[in-house]
Amino acid sequence: MTVNVANGEKLQSKGLVKPVTWKMQGHEFQHQSNTLKLGGYDLVLGVDSLARYSPMEFVLKKLSMKFYKGKQPIELTGESNEVQLK
């Protein structure tokens with residue numbers, strides 16, 4: 001599969017890997033993913049992995065996303081690295 005990445009480059013995926021389990025902010029998730037060599041990232045969640053938790057609510061000022069995993073409400077919050085330009 002060919003994937004267009006943010007810088008415009010096209011990368012080739014070597015295919016699907018076994019389902020990967022990861023923990024984020026005390027919650028465990030699992031998804032079967034395609035692999036890409038991206039360099040500085042361990043994991044990038046694509047639309048296919050997020051769609052299973054649709055609908056989702058994003059609060060961009062708080063860097064948070066809310067959704068349900070089954071009947072369990074989940075809220076994930078990003079880190080704020082505020083940059084001020086002068």
# chains A, B, ... in the order shown; residues from 1 in each chain; ligands from 1

$ select_by_dssp --residues "chain A" --states "strand (DSSP E)" --output "JSON, numbers by chain"
{"A": [2, 3, 4, 10, 11, 12, 20, 21, 22, 23, 24, 27, 28, 29, 30, 31, 57, 58, 59, 64, 65, 66, 67, 68, 69, 72, 73, 74, 75, 76, 77]}

$ write_last_selection --atoms "C-alpha atoms" --output "PDB file, in the first residue's frame"
ATOM      1  CA  THR A   2       1.269   3.500  -0.805  1.00  0.00           C
ATOM      2  CA  VAL A   3       0.644   6.157   1.860  1.00  0.00           C
ATOM      3  CA  ASN A   4       0.930   9.929   1.374  1.00  0.00           C
ATOM      4  CA  LYS A  10       4.891   8.699  -0.539  1.00  0.00           C
ATOM      5  CA  LEU A  11       5.869   5.739   1.639  1.00  0.00           C
ATOM      6  CA  GLN A  12       5.302   2.048   1.059  1.00  0.00           C
ATOM      7  CA  VAL A  20      -0.740  -4.341  18.542  1.00  0.00           C
ATOM      8  CA  THR A  21      -1.714  -3.604  22.157  1.00  0.00           C
ATOM      9  CA  TRP A  22      -0.731  -0.290  23.717  1.00  0.00           C
ATOM     10  CA  LYS A  23      -1.557   1.618  26.904  1.00  0.00           C
ATOM     11  CA  MET A  24      -2.288   5.315  26.969  1.00  0.00           C
ATOM     12  CA  HIS A  27      -6.341   2.711  29.157  1.00  0.00           C
ATOM     13  CA  GLU A  28      -5.485  -0.309  27.010  1.00  0.00           C
ATOM     14  CA  PHE A  29      -6.174  -0.402  23.276  1.00  0.00           C
ATOM     15  CA  GLN A  30      -5.588  -2.932  20.497  1.00  0.00           C
ATOM     16  CA  HIS A  31      -5.599  -2.565  16.719  1.00  0.00           C
ATOM     17  CA  GLU A  57     -15.581  14.766  20.875  1.00  0.00           C
ATOM     18  CA  PHE A  58     -12.460  16.902  20.462  1.00  0.00           C
ATOM     19  CA  VAL A  59     -11.852  19.921  22.693  1.00  0.00           C
ATOM     20  CA  SER A  64      -8.555  16.411  24.733  1.00  0.00           C
ATOM     21  CA  MET A  65     -10.620  13.758  23.035  1.00  0.00           C
ATOM     22  CA  LYS A  66     -13.605  11.977  24.568  1.00  0.00           C
ATOM     23  CA  PHE A  67     -15.208   8.741  23.404  1.00  0.00           C
ATOM     24  CA  TYR A  68     -16.624   5.452  24.661  1.00  0.00           C
ATOM     25  CA  LYS A  69     -14.787   2.138  24.673  1.00  0.00           C
ATOM     26  CA  GLN A  72     -16.640   2.963  29.445  1.00  0.00           C
ATOM     27  CA  PRO A  73     -16.196   6.731  28.904  1.00  0.00           C
ATOM     28  CA  ILE A  74     -12.604   7.649  28.019  1.00  0.00           C
ATOM     29  CA  GLU A  75     -10.942  11.076  27.977  1.00  0.00           C
ATOM     30  CA  LEU A  76      -7.384  11.419  26.669  1.00  0.00           C
ATOM     31  CA  THR A  77      -5.568  14.707  27.176  1.00  0.00           C
TER      32      THR A  77
END

$ residues_around --residues "Gln32 (chain A)" --least-positions-apart "3" --cutoff "10 Å" --atoms "only C-alpha atoms" --output "number ranges by chain"
A: 16-21, 35, 48-49

$ atom_distance --atom1 "CA of Leu60 (chain A)" --atom2 "CA of Val5 (chain A)"
22.4 Å

$ residues_around --residues "Gly46 (chain A)" --least-positions-apart "4" --cutoff "10 Å" --atoms "only C-alpha atoms" --output "number ranges by chain"
A: 33-34, 50-51

$ write_last_selection --atoms "N, CA and C atoms" --output "compact mmCIF listing (two decimals), in the first residue's frame"
# COMPACT_ATOMS: atom_id res chain seq x y z
N SER A 33 -2.51 -2.99 12.54
CA SER A 33 -2.03 -1.79 11.86
C SER A 33 -1.13 -2.12 10.68
N ASN A 34 -1.01 -1.14 9.78
CA ASN A 34 0.00 -1.17 8.73
C ASN A 34 1.28 -0.58 9.30
N LEU A 50 -9.18 5.07 14.85
CA LEU A 50 -10.05 5.94 15.66
C LEU A 50 -11.53 5.72 15.36
N ALA A 51 -11.86 5.31 14.14
CA ALA A 51 -13.27 5.18 13.73
C ALA A 51 -14.04 4.17 14.57

$ select_by_dssp --residues "region 28-81 of chain A" --states "helix (DSSP H, G or I)" --output "list in words"
Val47, Asp48, Ser49, Leu50, Ala51, Leu60, Lys61 and Lys62 of chain A

$ atom_distance --atom1 "CA of Met1 (chain A)" --atom2 "CA of Ser13 (chain A)"
5.3 Å
